[in-house]
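Listing of query.txt, compact mmCIF, C-alpha atoms and all ligand atoms
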# COMPACT_ATOMS: atom_id res chain seq x y z
CA MET E 799 140.00 60.47 87.66
CA ALA E 800 139.10 62.24 84.46
CA SER E 801 138.71 59.85 81.52
CA ASP E 802 140.65 60.02 78.26
CA PHE E 803 137.57 61.51 76.64
CA GLN E 804 137.31 64.25 79.27
CA ARG E 805 141.00 64.95 78.78
CA SER E 806 140.44 65.31 75.03
CA LYS E 807 137.66 67.84 75.61
CA VAL E 808 139.72 69.87 78.06
CA VAL E 809 142.84 69.79 75.85
CA LEU E 810 140.85 71.65 73.20
CA VAL E 811 139.99 74.52 75.53
CA PHE E 812 143.29 74.48 77.37
CA GLY E 813 145.24 74.95 74.14
CA ALA E 814 143.06 77.89 73.16
CA LEU E 815 143.34 79.55 76.56
CA ASP E 816 147.10 79.10 76.70
CA VAL E 817 147.69 82.12 74.51
CA THR E 818 151.43 82.18 75.15
CA GLY E 819 151.67 78.47 74.26
CA ASP E 820 153.97 77.54 77.16
CA GLY E 821 151.75 74.64 78.26
CA TYR E 822 150.43 76.40 81.34
CA LEU E 823 147.50 78.62 82.14
CA THR E 824 148.22 81.79 84.04
CA GLU E 825 146.20 84.62 85.52
CA GLU E 826 147.06 86.61 82.42
CA ASP E 827 145.39 84.01 80.19
CA PHE E 828 142.21 84.47 82.25
CA ARG E 829 142.48 88.24 82.10
CA LEU E 830 142.73 87.99 78.31
CA LEU E 831 139.70 85.70 78.31
CA ALA E 832 137.76 88.17 80.45
CA ALA E 833 138.79 90.96 78.06
CA ARG E 834 137.44 89.02 75.06
CA TRP E 835 134.12 88.71 76.85
CA ALA E 836 134.13 92.37 77.86
CA GLY E 837 133.83 93.43 74.22
CA LEU E 838 130.50 91.69 73.68
CA ARG E 839 127.35 93.70 73.25
CA GLY E 840 125.03 92.01 75.71
CA SER E 841 127.85 91.83 78.18
CA ASP E 842 127.83 92.67 81.85
CA ASP E 843 131.59 93.23 81.98
CA ARG E 844 131.99 93.04 85.70
CA LEU E 845 129.97 89.86 86.13
CA LEU E 846 131.84 87.96 83.43
CA SER E 847 135.18 89.21 84.58
CA GLN E 848 134.36 87.98 88.08
CA VAL E 849 133.19 84.62 86.76
CA MET E 850 136.30 84.04 84.66
CA LEU E 851 138.69 85.16 87.38
CA SER E 852 136.90 83.02 89.97
CA TRP E 853 137.71 80.01 87.75
CA TRP E 854 141.30 81.12 87.82
CA THR E 855 141.15 81.18 91.64
CA THR E 856 139.66 77.66 91.66
CA LEU E 857 142.31 76.35 89.29
CA GLN E 858 145.11 78.04 91.15
CA ALA E 859 143.92 76.42 94.38
CA ALA E 860 143.94 73.03 92.61
CA ALA E 861 147.53 73.76 91.60
CA GLY E 862 148.46 74.27 95.24
CA GLY E 863 148.60 78.04 94.88
CA ALA E 864 151.12 78.00 92.03
CA ASP E 865 151.09 80.95 89.63
CA ARG E 866 150.68 78.62 86.66
CA VAL E 867 148.25 75.77 86.14
CA THR E 868 148.80 72.54 84.20
CA LEU E 869 146.36 70.43 82.22
CA ASP E 870 146.34 67.90 85.05
CA ASP E 871 145.39 70.63 87.53
CA VAL E 872 142.43 71.50 85.30
CA LEU E 873 141.45 67.83 85.09
CA ASN E 874 141.53 67.59 88.88
CA VAL E 875 138.99 70.41 89.01
CA VAL E 876 136.90 68.79 86.24
CA ASP E 877 136.85 65.62 88.33
CA VAL E 878 134.91 67.26 91.15
CA LEU E 879 132.53 69.36 89.03
CA PRO E 880 129.72 66.77 89.04
CA ASP E 881 129.49 67.30 92.81
CA ASN E 882 129.74 71.07 92.49
CA ILE E 883 127.75 72.00 89.40
CA GLU E 884 126.42 75.38 90.60
CA PRO E 885 129.45 77.44 89.50
CA VAL E 886 129.30 75.72 86.09
CA LEU E 887 125.64 76.65 85.68
CA GLY E 888 126.36 80.17 86.93
CA THR E 889 129.04 80.55 84.28
CA ALA E 890 126.65 79.29 81.59
CA ASN E 891 124.06 81.81 82.70
CA ALA E 892 126.51 84.73 82.68
CA MET E 893 127.77 83.76 79.22
CA PHE E 894 124.25 83.38 77.92
CA GLY E 895 123.43 86.95 78.92
CA ALA E 896 126.65 88.17 77.32
CA VAL E 897 126.09 86.61 73.91
CA ASP E 898 122.32 87.20 73.69
CA ALA E 899 122.96 90.44 71.83
CA ASP E 900 119.34 90.99 70.74
CA GLY E 901 118.04 90.25 74.24
CA ASP E 902 115.34 87.78 73.18
CA ASP E 903 116.50 85.31 75.85
CA TYR E 904 117.60 82.83 73.21
CA VAL E 905 121.00 82.22 71.71
CA SER E 906 120.85 82.09 67.92
CA GLU E 907 123.42 80.30 65.79
CA ALA E 908 125.21 83.59 65.08
CA GLU E 909 125.20 84.50 68.78
CA TYR E 910 126.50 81.03 69.56
CA ARG E 911 129.45 81.51 67.25
CA VAL E 912 130.33 84.67 69.17
CA MET E 913 130.42 82.61 72.39
CA VAL E 914 132.76 80.03 70.86
CA GLU E 915 135.07 82.72 69.53
CA ALA E 916 135.12 84.49 72.89
CA TRP E 917 136.33 81.27 74.49
CA LEU E 918 138.69 79.99 71.87
CA GLY E 919 139.82 83.22 70.26
CA ARG E 920 139.01 81.65 66.90
CA GLU E 921 136.14 80.05 65.01
CA ALA E 922 135.35 76.37 65.45
CA ALA E 923 133.42 73.83 63.36
CA THR E 924 130.46 73.55 65.72
CA ASP E 925 127.30 71.72 64.64
CA PHE E 926 124.52 74.00 65.85
CA ALA E 927 121.74 71.63 64.77
CA LEU E 928 123.28 68.93 66.97
CA LEU E 929 123.36 71.27 69.98
CA ASP E 930 119.79 72.52 69.46
CA SER E 931 118.12 69.52 71.10
CA ASP E 932 114.48 70.58 70.49
CA GLY E 933 115.21 71.69 66.93
CA ASP E 934 113.63 75.15 67.15
CA GLY E 935 116.72 76.77 65.66
CA ARG E 936 117.89 78.50 68.83
CA LEU E 937 119.18 77.65 72.29
CA SER E 938 117.09 78.40 75.36
CA ARG E 939 118.82 79.11 78.66
CA ALA E 940 118.00 75.58 79.78
CA GLU E 941 119.42 74.02 76.61
CA PHE E 942 122.54 76.13 76.89
CA ALA E 943 123.10 75.31 80.57
CA ALA E 944 122.62 71.58 79.94
CA LEU E 945 125.15 71.62 77.09
CA TRP E 946 127.66 73.54 79.14
CA ALA E 947 127.28 71.24 82.16
CA GLU E 948 127.74 68.20 79.94
CA PHE E 949 130.90 69.60 78.39
CA TRP E 950 132.60 70.35 81.71
CA ALA E 951 131.11 67.84 84.13
CA GLY E 952 129.95 65.03 81.85
CA ASP E 953 131.78 62.12 80.29
CA ASN E 954 129.54 60.98 77.46
CA ALA E 955 130.99 60.96 73.95
CA ALA E 956 127.47 60.48 72.56
CA ALA E 957 126.09 63.63 74.23
CA ALA E 958 125.69 66.78 72.13
CA GLY E 959 127.15 68.86 74.97
CA SER E 960 130.53 67.20 74.47
CA TYR E 961 130.78 69.15 71.22
CA VAL E 962 130.04 72.71 72.30
CA PHE E 963 133.42 73.70 70.87
CA GLY E 964 133.15 71.43 67.82
CA PRO E 965 134.79 68.07 67.14
CA VAL E 966 136.92 66.51 69.88
CA GLN E 967 140.21 64.88 68.82
CA ALA E 968 141.35 61.80 70.73
CA ALA E 969 144.09 62.76 73.19
CA CA K 1 119.30 86.18 71.11
CA CA K 2 116.35 74.96 70.95
In C-alpha cells, how does this file's structure come out?
Amino acid sequence: MASDFQRSKVVLVFGALDVTGDGYLTEEDFRLLAARWAGLRGSDDRLLSQVMLSWWTTLQAAAGGADRVTLDDVLNVVDVLPDNIEPVLGTANAMFGAVDADGDDYVSEAEYRVMVEAWLGREAATDFALLDSDGDGRLSRAEFAALWAEFWAGDNAAAAGSYVFGPVQAA
C-alpha cells in the first residue's frame, strides 16, 4: 500500500490535475494536461498526447473502467510502479524533449519551471539546486529520469526527487 508520504506527494499533483475540483480525475483533465504540453516549443505534440492519455487509460483500468478516477485509484497505480518503471521513464523522456526548448539536451532552471507549470497549471516553489544532484546548474536526461522515477515510484522523504513539484505537505 502507498505510504502516507506517497499519498502526500500524489495529493499535490492530483489537486492540480483536477481542474474542475470535483475530487476526481477524468479524461478531460488529461486532455487539458495534454493541451498544456502541446503548447511547448520543443514539443512533439503527438508523443506527449499519447503519453498523457496512456496514463489516463492505466488509471481508468485501475478504477475498474469507471469514467472518473479517485485519489485511491491513483495510489493503487503508484503502488505497482516500482515493478513497472518503464512507462515512468518513458514519460520522463518525452517531457524532457518537450521542455528542452534550446535543444542542448539539458533542462535548465527556466526550462524546468516550464515543466512544472505544464503539469500543475501554476508555478511552484521548487528548489532547483536540490534537484541538480551533480551541481552543474542543469539537469541531464539521466538526472531528470531519476528524479521523476523517485517522485512517482519512490517513497523516500529525504530524496530530492520527492520534491520535483516543490514542498510536500503532510496529508
Ligand atoms: Ca535545454
Ligand atoms: Ca546536473
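From atom CA of Val897 of chain E back to atom CA of Tyr910 of chain E, the distance works out to 7.1 Å.
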Q) Hey, can you pull every residue with an atom no more than 9 Å from (132.2, 79.4, 75.5), using only C-alpha atoms, and send it as a PyMOL selection string? A) chain E and resi 890+893+910-918+946+962-963
Mind working out the centre and edge lengths of an axis-aligned box for segment 813-830 of chain E, all listed atoms inside, 6 Å added to each side, rounded to one decimal in Å and written as JSON?
{"center_x": 148.1, "center_y": 81.4, "center_z": 79.3, "size_x": 23.8, "size_y": 25.6, "size_z": 24.4}
Q. Which protein, DNA or RNA residues are at most 12 Å from (119.3, 75.2, 75.9) in the file's coordinates when you count all atoms listed in the file, listed as an MDAnalysis selection string?
A. chainID E and resid 887 890:891 894 903:906 910 926:948 958:959 962
Do you know which residues are at most 6 Å from Leu823 of chain E counting all atoms listed in the file, after dropping those on the same chain fewer than 3 positions away, and could you put them as a PDB file with C-alpha atoms, keeping the file's coordinate frame?
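File produced: around_15.pdb:
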ATOM      1  CA  ASP E 816     147.100  79.100  76.700  1.00  0.00           C
ATOM      2  CA  ARG E 866     150.680  78.620  86.660  1.00  0.00           C
ATOM      3  CA  VAL E 867     148.250  75.770  86.140  1.00  0.00           C
TER       4      VAL E 867
END
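Of note, atom CA of Pro965 of chain E and atom CA of Asp870 of chain E are spaced 21.3 Å apart.
Our summary of the geometry notes that atom CA of Ala860 of chain E is positioned 27.3 Å from atom CA of Ala957 of chain E.
Using all atoms listed in the file for every distance, the candidate list E:Ala968, E:Ala896, E:Ala832, E:Ala923 yields E:Ala896 as the residue closest to ligand CA 1 (chain K).
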Q: Tell me which of E:Asp820, E:Glu907, E:Asp827, E:Asp953 sits closest to ligand CA 2 (chain K), counting only C-alpha atoms and all ligand atoms.
A: E:Glu907
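The closest residue to Gly888 of chain E, picked from E:Leu869, E:Leu846, E:Ala951, E:Leu857 and counting all atoms listed in the file, is E:Leu846.
Among the candidate residues E:Val966, E:Trp950, E:Tyr961, E:Val849, the one lying nearest to Asp881 of chain E is E:Trp950, with distances computed using only C-alpha atoms.
Minimum atom-to-atom distance to Ala922 of chain E, evaluated using all atoms listed in the file, belongs to E:Gly964 out of E:Ala956, E:Ala864, E:Trp854, E:Gly964.
If all atoms listed in the file are the atoms counted, then among E:Gln804, E:Ala833, E:Ala861, E:Thr868 the closest residue to Gly819 of chain E is E:Thr868.
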